[in-house]
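*Asks:* Please find data03.txt (compact mmCIF, C-alpha atoms) on the next line:
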# COMPACT_ATOMS: atom_id res chain seq x y z
CA MET A 1433 53.67 -53.75 -22.50
CA SER A 1434 56.35 -55.84 -24.18
CA ASP A 1435 55.58 -59.53 -24.70
CA PRO A 1436 53.43 -60.40 -21.70
CA THR A 1437 54.05 -63.86 -20.30
CA PRO A 1438 51.23 -66.46 -20.37
CA PHE A 1439 50.67 -65.77 -16.66
CA GLU A 1440 50.27 -62.03 -17.30
CA LYS A 1441 47.92 -62.71 -20.21
CA ARG A 1442 45.81 -65.05 -18.12
CA THR A 1443 45.50 -62.60 -15.19
CA GLN A 1444 44.59 -59.83 -17.63
CA GLU A 1445 41.86 -61.97 -19.24
CA VAL A 1446 40.42 -62.93 -15.87
CA LEU A 1447 40.32 -59.33 -14.68
CA GLU A 1448 38.74 -58.20 -17.96
CA GLU A 1449 36.09 -60.88 -17.56
CA SER A 1450 35.45 -59.71 -14.02
CA ALA A 1451 34.96 -56.12 -15.25
CA LYS A 1452 32.54 -57.33 -17.95
CA ARG A 1453 30.44 -59.07 -15.33
CA LEU A 1454 29.58 -55.99 -13.30
CA ASP A 1455 25.95 -56.13 -12.26
CA GLY A 1456 23.28 -53.81 -13.66
CA ARG A 1457 23.13 -51.62 -10.58
CA THR A 1458 26.86 -50.90 -10.64
CA ARG A 1459 26.89 -50.22 -14.39
CA SER A 1460 23.95 -47.90 -14.02
CA ARG A 1461 25.61 -46.01 -11.16
CA LEU A 1462 28.82 -45.65 -13.17
CA THR A 1463 26.85 -44.17 -16.06
CA GLN A 1464 25.11 -41.76 -13.67
CA ALA A 1465 28.48 -40.76 -12.20
CA ARG A 1466 29.86 -40.08 -15.69
CA HIS A 1467 26.87 -37.94 -16.64
CA ALA A 1468 27.08 -36.03 -13.36
CA ALA A 1469 30.76 -35.32 -13.99
CA LEU A 1470 30.15 -34.20 -17.57
CA ALA A 1471 27.32 -31.92 -16.41
CA ARG A 1472 30.05 -29.90 -14.70
CA LEU A 1473 31.35 -28.93 -18.13
CA GLU A 1474 28.01 -27.33 -18.98
CA GLN A 1475 28.08 -25.12 -15.90
CA PRO A 1476 29.42 -21.59 -16.44
CA GLN A 1477 33.11 -21.21 -15.57
CA ARG A 1478 33.97 -19.36 -12.39
CA PHE A 1479 35.85 -16.12 -12.99
CA GLY A 1480 39.43 -16.50 -11.83
CA TRP A 1481 39.41 -13.40 -9.67
CA ARG A 1482 36.33 -14.59 -7.79
CA ALA A 1483 38.21 -17.59 -6.53
CA TYR A 1484 40.61 -15.26 -4.74
CA LEU A 1485 37.90 -13.10 -3.12
CA PRO A 1486 37.72 -14.90 0.26
CA ALA A 1487 41.51 -14.98 0.66
CA SER A 1488 41.82 -11.34 -0.46
CA ALA A 1489 39.12 -10.25 1.97
CA ALA A 1490 40.83 -12.10 4.83
CA ALA A 1491 44.22 -10.64 3.91
CA GLY A 1492 42.67 -7.14 3.66
CA ALA A 1493 41.09 -7.57 7.09
CA ALA A 1494 44.43 -8.69 8.51
CA VAL A 1495 46.23 -5.65 7.07
CA LEU A 1496 43.52 -3.35 8.40
CA ALA A 1497 43.79 -4.97 11.83
CA VAL A 1498 47.57 -4.47 11.79
CA VAL A 1499 47.17 -0.79 10.86
CA ILE A 1500 44.60 -0.18 13.60
CA TYR A 1501 46.58 -2.16 16.13
CA THR A 1502 49.93 -0.48 15.48
CA GLY A 1503 48.30 2.96 15.31
CA ARG A 1504 46.89 2.53 18.84
CA PRO A 1505 48.97 4.06 21.64
CA ALA A 1506 50.78 1.31 23.54
CA VAL A 1507 49.95 0.75 27.17
CA ASN A 1508 53.12 1.05 29.28
CA GLY A 1509 55.07 1.60 26.06
CA ALA A 1510 54.85 -2.04 24.77
CA PRO A 1511 52.18 -4.45 23.45
CA GLY A 1512 50.63 -6.81 25.99
CA PRO A 1513 51.81 -10.43 26.41
CA GLY A 1514 48.98 -11.89 24.26
CA ALA A 1515 49.65 -9.56 21.30
CA ALA A 1516 51.54 -12.11 19.21
CA GLU A 1517 48.80 -14.74 19.66
CA ASP A 1518 46.12 -12.20 18.75
CA MET A 1519 47.94 -11.31 15.55
CA GLU A 1520 48.27 -14.99 14.64
CA LEU A 1521 44.54 -15.42 15.05
CA ILE A 1522 43.77 -12.32 12.99
CA ALA A 1523 46.16 -13.22 10.17
CA ASP A 1524 45.12 -16.89 10.01
CA VAL A 1525 43.70 -17.59 6.55
CA ASP A 1526 42.26 -20.97 5.60
CA ALA A 1527 44.56 -23.18 3.56
CA PRO A 1528 43.72 -23.37 -0.17
CA ASP A 1529 41.22 -26.05 -1.27
CA PHE A 1530 43.71 -28.29 -2.99
CA ALA A 1531 45.46 -29.04 0.27
CA ASP A 1532 42.31 -30.89 1.36
CA GLU A 1533 42.03 -32.99 -1.75
CA GLY A 1534 44.52 -35.58 -0.55
CA GLU A 1535 46.68 -34.93 -3.58
CA ASP A 1536 50.31 -34.20 -2.88
CA LEU A 1537 52.20 -31.17 -4.01
CA GLU A 1538 54.46 -33.22 -6.30
CA PHE A 1539 51.44 -33.86 -8.45
CA TYR A 1540 50.70 -30.16 -8.86
CA GLU A 1541 54.34 -29.49 -9.64
CA TRP A 1542 54.25 -32.18 -12.28
CA ALA A 1543 51.00 -30.80 -13.73
CA ALA A 1544 52.43 -27.26 -13.81
CA GLY A 1545 55.59 -28.55 -15.49
CA GLU A 1546 53.54 -30.37 -18.13
CA GLN A 1547 51.56 -27.19 -18.88
CA GLU A 1548 54.71 -25.12 -19.29
CA SER A 1549 56.41 -27.59 -21.62
CA MET B 283 33.38 -6.79 -41.78
CA THR B 284 29.81 -7.87 -41.12
CA ALA B 285 28.24 -6.73 -37.88
CA PHE B 286 25.17 -8.14 -36.21
CA VAL B 287 23.09 -7.19 -33.21
CA THR B 288 22.10 -9.45 -30.34
CA LEU B 289 20.39 -8.75 -27.04
CA ALA B 290 23.81 -8.40 -25.48
CA GLY B 291 25.15 -5.91 -28.01
CA VAL B 292 26.76 -5.55 -31.42
CA TYR B 293 29.21 -8.23 -32.50
CA SER B 294 31.48 -8.56 -35.49
CA THR B 295 31.59 -11.74 -37.57
CA THR B 296 35.00 -12.47 -36.11
CA ASP B 297 33.59 -12.39 -32.57
CA PHE B 298 30.76 -14.65 -33.60
CA GLN B 299 33.15 -17.11 -35.22
CA ALA B 300 35.29 -17.15 -32.09
CA VAL B 301 32.24 -17.85 -29.90
CA THR B 302 31.06 -20.59 -32.27
CA ARG B 303 34.54 -22.12 -32.30
CA ARG B 304 34.61 -22.13 -28.51
CA LEU B 305 31.18 -23.78 -28.38
CA ASP B 306 32.31 -26.40 -30.91
CA GLN B 307 35.45 -27.07 -28.90
CA GLY B 308 33.39 -27.40 -25.72
CA SER B 309 31.08 -29.88 -27.40
CA MET B 310 34.04 -31.86 -28.77
CA THR B 311 35.70 -31.92 -25.36
CA SER B 312 32.47 -33.11 -23.78
CA ARG B 313 32.13 -35.93 -26.31
CA ALA B 314 35.78 -36.91 -25.99
CA LEU B 315 35.55 -36.93 -22.19
CA ASP B 316 32.36 -38.98 -22.33
CA GLN B 317 34.10 -41.55 -24.54
CA PHE B 318 37.18 -41.56 -22.37
CA LEU B 319 35.29 -41.98 -19.10
CA ALA B 320 33.04 -44.67 -20.60
CA SER B 321 36.15 -46.53 -21.74
CA VAL B 322 37.77 -46.58 -18.29
CA GLU B 323 34.87 -46.60 -15.84
CA LYS B 324 34.48 -50.37 -15.40
CA ARG B 325 38.18 -51.04 -14.96
CA ALA B 326 38.48 -47.99 -12.70
CA PHE B 327 35.67 -49.38 -10.58
CA LYS B 328 37.38 -52.78 -10.30
CA ILE B 329 40.68 -51.13 -9.34
CA ALA B 330 38.96 -49.03 -6.67
CA GLN B 331 36.96 -52.04 -5.50
CA LEU B 332 40.09 -54.16 -5.06
CA GLY B 333 41.73 -51.34 -3.12
CA LEU B 334 38.74 -50.56 -0.92
CA ARG B 335 36.94 -53.94 -0.84
CA ASN B 336 33.61 -52.16 -0.80
CA ASP B 337 31.38 -51.47 -3.81
CA ASP B 338 29.78 -48.25 -2.57
CA ASP B 339 33.10 -46.73 -1.56
CA ALA B 340 34.58 -47.77 -4.91
CA LEU B 341 31.72 -46.09 -6.78
CA ASP B 342 32.20 -42.92 -4.72
CA ALA B 343 35.92 -42.93 -5.47
CA VAL B 344 35.35 -43.34 -9.21
CA GLN B 345 32.72 -40.60 -9.26
CA ASP B 346 35.01 -38.21 -7.35
CA ALA B 347 37.86 -38.96 -9.77
CA MET B 348 35.59 -38.30 -12.76
CA MET B 349 34.42 -34.99 -11.26
CA LYS B 350 37.96 -33.87 -10.51
CA LEU B 351 39.22 -34.78 -13.97
CA VAL B 352 36.38 -32.92 -15.69
CA GLN B 353 36.64 -29.89 -13.42
CA SER B 354 40.39 -29.48 -13.38
CA TYR B 355 41.90 -31.22 -16.39
CA ALA B 356 39.32 -31.21 -19.20
CA SER B 357 41.42 -28.69 -21.10
CA ARG B 358 44.53 -30.86 -20.99
CA PRO B 359 45.45 -32.95 -24.06
CA ALA B 360 43.35 -36.12 -24.22
CA ASP B 361 46.39 -38.41 -24.11
CA GLU B 362 47.17 -37.09 -20.62
CA TRP B 363 43.73 -37.93 -19.23
CA ARG B 364 44.37 -41.57 -18.43
CA PRO B 365 47.43 -41.18 -16.17
CA LEU B 366 45.84 -38.08 -14.61
CA PHE B 367 42.56 -39.89 -13.98
CA TYR B 368 44.28 -42.85 -12.37
CA ARG B 369 46.46 -40.56 -10.30
CA ILE B 370 43.38 -38.82 -8.95
CA LEU B 371 41.66 -42.17 -8.35
CA ALA B 372 44.69 -43.59 -6.52
CA ASN B 373 44.79 -40.53 -4.26
CA ARG B 374 41.07 -40.80 -3.59
CA VAL B 375 41.34 -44.50 -2.75
CA LEU B 376 44.26 -43.83 -0.42
CA ASP B 377 42.35 -41.00 1.23
CA MET B 378 39.33 -43.27 1.79
CA GLN B 379 41.55 -46.06 3.17
CA ARG B 380 43.03 -43.62 5.68
CA ARG B 381 39.63 -42.26 6.67
CA ARG B 382 38.37 -45.80 7.11
CA THR B 383 41.29 -46.65 9.40
CA VAL B 384 40.52 -43.62 11.57
CA ARG B 385 36.78 -44.41 11.50
CA GLY B 386 37.56 -48.00 12.48
CA ARG B 387 39.46 -46.82 15.54
CA ILE B 388 36.55 -44.62 16.58
CA MET B 389 33.90 -47.25 15.85
CA ALA B 390 35.79 -49.76 17.99
CA TRP B 391 34.73 -47.66 20.97
CA LEU B 392 31.07 -47.54 19.96
CA PRO B 393 28.37 -50.23 20.34
CA LEU B 394 27.86 -52.57 17.37
CA ARG B 395 25.33 -51.49 14.75
CA ASP B 396 22.72 -53.86 13.34
CA ALA B 397 23.56 -55.00 9.84
CA GLU B 398 19.85 -54.98 8.88
CA ASP B 399 19.89 -51.49 7.43
CA ASP B 400 22.41 -52.44 4.74
CA ASP B 401 21.20 -52.71 1.15
CA GLU B 402 18.59 -55.38 0.63
CA TYR B 403 19.29 -58.14 -1.85
CA ASP B 404 17.83 -57.24 -5.24
CA PRO B 405 17.73 -60.30 -7.52
CA ILE B 406 17.27 -58.22 -10.68
CA ALA B 407 20.12 -55.85 -9.95
CA GLN B 408 22.35 -58.75 -8.94
CA ALA B 409 21.50 -60.77 -12.05
CA PRO B 410 24.66 -61.57 -14.01
CA CYS B 411 25.11 -60.49 -17.60
CA GLY B 412 25.00 -63.06 -20.38
CA GLY B 413 28.25 -64.90 -20.97
CA PRO B 414 29.95 -68.22 -21.59
CA ASP B 415 28.40 -71.64 -20.94
CA PRO B 416 27.86 -72.74 -17.30
CA ALA B 417 30.99 -74.94 -17.02
CA LYS B 418 33.24 -72.27 -18.45
CA ARG B 419 31.48 -69.71 -16.34
CA LEU B 420 32.06 -71.70 -13.17
CA GLU B 421 35.74 -72.04 -14.01
CA LEU B 422 35.99 -68.30 -14.60
CA ASP B 423 34.09 -67.57 -11.40
CA GLU B 424 36.70 -69.52 -9.44
CA ALA B 425 39.58 -67.87 -11.29
CA ILE B 426 38.14 -64.40 -10.69
CA GLY B 427 37.59 -65.12 -6.99
CA VAL B 428 41.08 -66.49 -6.44
CA LEU B 429 42.83 -63.77 -8.43
CA GLU B 430 40.88 -60.90 -6.90
CA THR B 431 41.54 -62.17 -3.38
CA ALA B 432 45.25 -62.45 -4.13
CA VAL B 433 45.40 -58.99 -5.75
CA ALA B 434 43.43 -57.40 -2.90
CA GLU B 435 45.98 -58.77 -0.44
CA LEU B 436 49.03 -57.38 -2.26
CA PRO B 437 50.81 -54.43 -0.63
CA ARG B 438 49.22 -51.18 -1.83
CA ARG B 439 51.97 -50.03 -4.21
CA GLN B 440 52.38 -53.50 -5.74
CA GLN B 441 48.63 -53.70 -6.21
CA GLN B 442 48.57 -50.31 -7.97
CA ALA B 443 51.49 -51.18 -10.23
CA PHE B 444 49.99 -54.54 -11.15
CA LEU B 445 46.49 -53.22 -11.88
CA LEU B 446 47.65 -50.17 -13.83
CA ARG B 447 50.16 -52.11 -15.92
CA ASN B 448 48.47 -55.46 -16.36
CA PHE B 449 44.76 -54.60 -16.19
CA GLU B 450 44.55 -50.99 -17.41
CA GLY B 451 47.45 -51.45 -19.82
CA LEU B 452 49.34 -48.25 -18.98
CA ASP B 453 52.98 -48.19 -20.02
CA VAL B 454 55.75 -47.73 -17.46
CA ASN B 455 55.88 -43.95 -17.93
CA GLU B 456 52.11 -43.51 -17.59
CA THR B 457 52.05 -45.81 -14.56
CA ALA B 458 54.84 -43.78 -12.95
CA THR B 459 52.80 -40.61 -13.51
CA ALA B 460 49.67 -42.23 -12.12
CA MET B 461 51.51 -43.58 -9.07
CA GLY B 462 53.62 -40.47 -8.52
CA CYS B 463 56.90 -42.35 -8.47
CA SER B 464 59.86 -43.13 -10.72
CA GLU B 465 59.76 -45.63 -13.59
CA GLY B 466 62.28 -47.75 -11.71
CA SER B 467 59.92 -48.00 -8.75
CA VAL B 468 57.08 -49.03 -11.05
CA LYS B 469 59.20 -51.84 -12.48
CA THR B 470 60.18 -53.01 -9.01
CA HIS B 471 56.62 -52.93 -7.65
CA TYR B 472 55.27 -54.67 -10.74
CA PHE B 473 57.94 -57.37 -10.66
CA ARG B 474 57.32 -58.07 -6.97
CA ALA B 475 53.56 -58.17 -7.52
CA LEU B 476 53.97 -60.70 -10.31
CA GLU B 477 56.31 -62.83 -8.22
CA SER B 478 53.91 -62.79 -5.32
CA LEU B 479 50.89 -63.66 -7.48
CA ARG B 480 52.79 -66.37 -9.33
CA ALA B 481 53.84 -67.93 -6.06
CA ARG B 482 50.26 -67.93 -4.86
CA LEU B 483 48.35 -68.74 -8.06
CA GLY B 484 50.90 -70.60 -10.11
CA GLU B 485 49.09 -73.91 -9.88
CA VAL B 486 45.64 -72.49 -10.59
CA PHE B 487 46.70 -70.27 -13.48
Here is a file; write its structure as structure tokens.
*Replies:*
Amino acid sequence: MSDPTPFEKRTQEVLEESAKRLDGRTRSRLTQARHAALARLEQPQRFGWRAYLPASAAAGAAVLAVVIYTGRPAVNGAPGPGAAEDMELIADVDAPDFADEGEDLEFYEWAAGEQES
Amino acid sequence: MTAFVTLAGVYSTTDFQAVTRRLDQGSMTSRALDQFLASVEKRAFKIAQLGLRNDDDALDAVQDAMMKLVQSYASRPADEWRPLFYRILANRVLDMQRRRTVRGRIMAWLPLRDAEDDDEYDPIAQAPCGGPDPAKRLELDEAIGVLETAVAELPRRQQQAFLLRNFEGLDVNETATAMGCSEGSVKTHYFRALESLRARLGEVF
């Protein structure tokens, strides 16, 4: 930051002092949180293809259902009125995990861009 | 080429060296991440605390951000960790604020809960760390209280910009990455935050 004003310096000092004064319980819980996070590094990495197993299985089941359904002789020459809804239910696959993380797609685009560059 | 036998099979020296190198890199990454997280954890907690106004929620948010960084971005260059970490933390804080709003709407319909089951006061855990003399300490106590109240009441984006720039010391580019907006927006939010704080605290500070 270029040449902070006295006001900026003062607010920074006060906030730093506030961070230094964290009580023992909070400091201890932060250390525990850090160790818990780092323990994740020690765990064996998931194989990439395993992450796609549930989605692949669901997609496979959907394809199979389509094949069976379309191979069945139609009653009165056309599918029933609820056919489209049934297919929607069969083909519905859960959204990927990252959509639940509360992180927007712009962030992933940025991260992907950074990795490519 | 030297070959050696292990329970898992026969390996060449080159394989062994590659495995050793990977283990060394893993250990280095772990140490670097430990140092990085230790260097930001207190400020990250304060930032989350000011956004959420609740210590337990702030601790949860920081822990989640640490987990996510380690799980998803440990392999990224170390100089990218800080903006990434604060981006994750900001998202987590926002998520918790939204959940709390929804929970508040639901709880408004339910009977009041006794406050007795909250954490009991623990004098040892609450004991302050050593520091300046009592007069100076009292003055700082007041300054901290006034400033934190004013910062907590800033609009969310101004609060983020102020804390990331002024407290965490990120530059404009890093702050923009952490906030997911343009550098121009960061400058605007930061300027407005400063104006607002100056107007409120000018006499005290």
*Asks:* Record the distance separating CA of Ala443 (chain B) and CA of Met461 (chain B), expressed in Å with one decimal.
*Replies:*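 Calculated distance between CA of Ala443 (chain B) and CA of Met461 (chain B) is 7.7 Å.
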*Asks:* What does the distance from CA of Arg364 (chain B) to CA of Ala330 (chain B) come to in Å, to one decimal?
*Replies:*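 Distance between the two atoms: 14.9 Å.
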*Asks:* Would you mind telling me which residue in A:Glu1445, A:Glu1440, A:Glu1474, A:Glu1541 lies nearest to Arg480 (chain B) when using only C-alpha atoms?
*Replies:*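 Among the listed residues, A:Glu1440 lies closest to Arg480 (chain B).
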*Asks:* Check every residue of chain A for an atom within 9 Å of chain B, counting only C-alpha atoms, and provide those that qualify as a ChimeraX atom specification.
*Replies:* /A:1433,1436,1439-1459,1461-1470,1472-1474,1533-1536,1538-1539,1542-1543,1547
*Asks:* Write to file, as an mmCIF file, keeping the file's coordinate frame, the residues of the selection just made, with C-alpha atoms.
*Replies:*
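After the write, out09.cif holds the following:
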data_model
loop_
_atom_site.group_PDB
_atom_site.id
_atom_site.type_symbol
_atom_site.label_atom_id
_atom_site.label_comp_id
_atom_site.auth_asym_id
_atom_site.auth_seq_id
_atom_site.Cartn_x
_atom_site.Cartn_y
_atom_site.Cartn_z
ATOM 1 C CA MET A 1433 53.670 -53.750 -22.500
ATOM 2 C CA PRO A 1436 53.430 -60.400 -21.700
ATOM 3 C CA PHE A 1439 50.670 -65.770 -16.660
ATOM 4 C CA GLU A 1440 50.270 -62.030 -17.300
ATOM 5 C CA LYS A 1441 47.920 -62.710 -20.210
ATOM 6 C CA ARG A 1442 45.810 -65.050 -18.120
ATOM 7 C CA THR A 1443 45.500 -62.600 -15.190
ATOM 8 C CA GLN A 1444 44.590 -59.830 -17.630
ATOM 9 C CA GLU A 1445 41.860 -61.970 -19.240
ATOM 10 C CA VAL A 1446 40.420 -62.930 -15.870
ATOM 11 C CA LEU A 1447 40.320 -59.330 -14.680
ATOM 12 C CA GLU A 1448 38.740 -58.200 -17.960
ATOM 13 C CA GLU A 1449 36.090 -60.880 -17.560
ATOM 14 C CA SER A 1450 35.450 -59.710 -14.020
ATOM 15 C CA ALA A 1451 34.960 -56.120 -15.250
ATOM 16 C CA LYS A 1452 32.540 -57.330 -17.950
ATOM 17 C CA ARG A 1453 30.440 -59.070 -15.330
ATOM 18 C CA LEU A 1454 29.580 -55.990 -13.300
ATOM 19 C CA ASP A 1455 25.950 -56.130 -12.260
ATOM 20 C CA GLY A 1456 23.280 -53.810 -13.660
ATOM 21 C CA ARG A 1457 23.130 -51.620 -10.580
ATOM 22 C CA THR A 1458 26.860 -50.900 -10.640
ATOM 23 C CA ARG A 1459 26.890 -50.220 -14.390
ATOM 24 C CA ARG A 1461 25.610 -46.010 -11.160
ATOM 25 C CA LEU A 1462 28.820 -45.650 -13.170
ATOM 26 C CA THR A 1463 26.850 -44.170 -16.060
ATOM 27 C CA GLN A 1464 25.110 -41.760 -13.670
ATOM 28 C CA ALA A 1465 28.480 -40.760 -12.200
ATOM 29 C CA ARG A 1466 29.860 -40.080 -15.690
ATOM 30 C CA HIS A 1467 26.870 -37.940 -16.640
ATOM 31 C CA ALA A 1468 27.080 -36.030 -13.360
ATOM 32 C CA ALA A 1469 30.760 -35.320 -13.990
ATOM 33 C CA LEU A 1470 30.150 -34.200 -17.570
ATOM 34 C CA ARG A 1472 30.050 -29.900 -14.700
ATOM 35 C CA LEU A 1473 31.350 -28.930 -18.130
ATOM 36 C CA GLU A 1474 28.010 -27.330 -18.980
ATOM 37 C CA GLU A 1533 42.030 -32.990 -1.750
ATOM 38 C CA GLY A 1534 44.520 -35.580 -0.550
ATOM 39 C CA GLU A 1535 46.680 -34.930 -3.580
ATOM 40 C CA ASP A 1536 50.310 -34.200 -2.880
ATOM 41 C CA GLU A 1538 54.460 -33.220 -6.300
ATOM 42 C CA PHE A 1539 51.440 -33.860 -8.450
ATOM 43 C CA TRP A 1542 54.250 -32.180 -12.280
ATOM 44 C CA ALA A 1543 51.000 -30.800 -13.730
ATOM 45 C CA GLN A 1547 51.560 -27.190 -18.880
#
*Asks:* Quick one: distance from CA of Ala434 (chain B) to CA of Asp361 (chain B) in Å, one decimal?
*Replies:* 28.6 Å
*Asks:* Please give the centre and size of the box around region 353-365 of chain B (axis-aligned, containing every atom listed in the file, 8 Å added per side), with values in Å to one decimal and written as lines of an AutoDock Vina configuration file.
*Replies:*
center_x = 42.0
center_y = -35.1
center_z = -18.8
size_x = 26.8
size_y = 28.9
size_z = 26.8
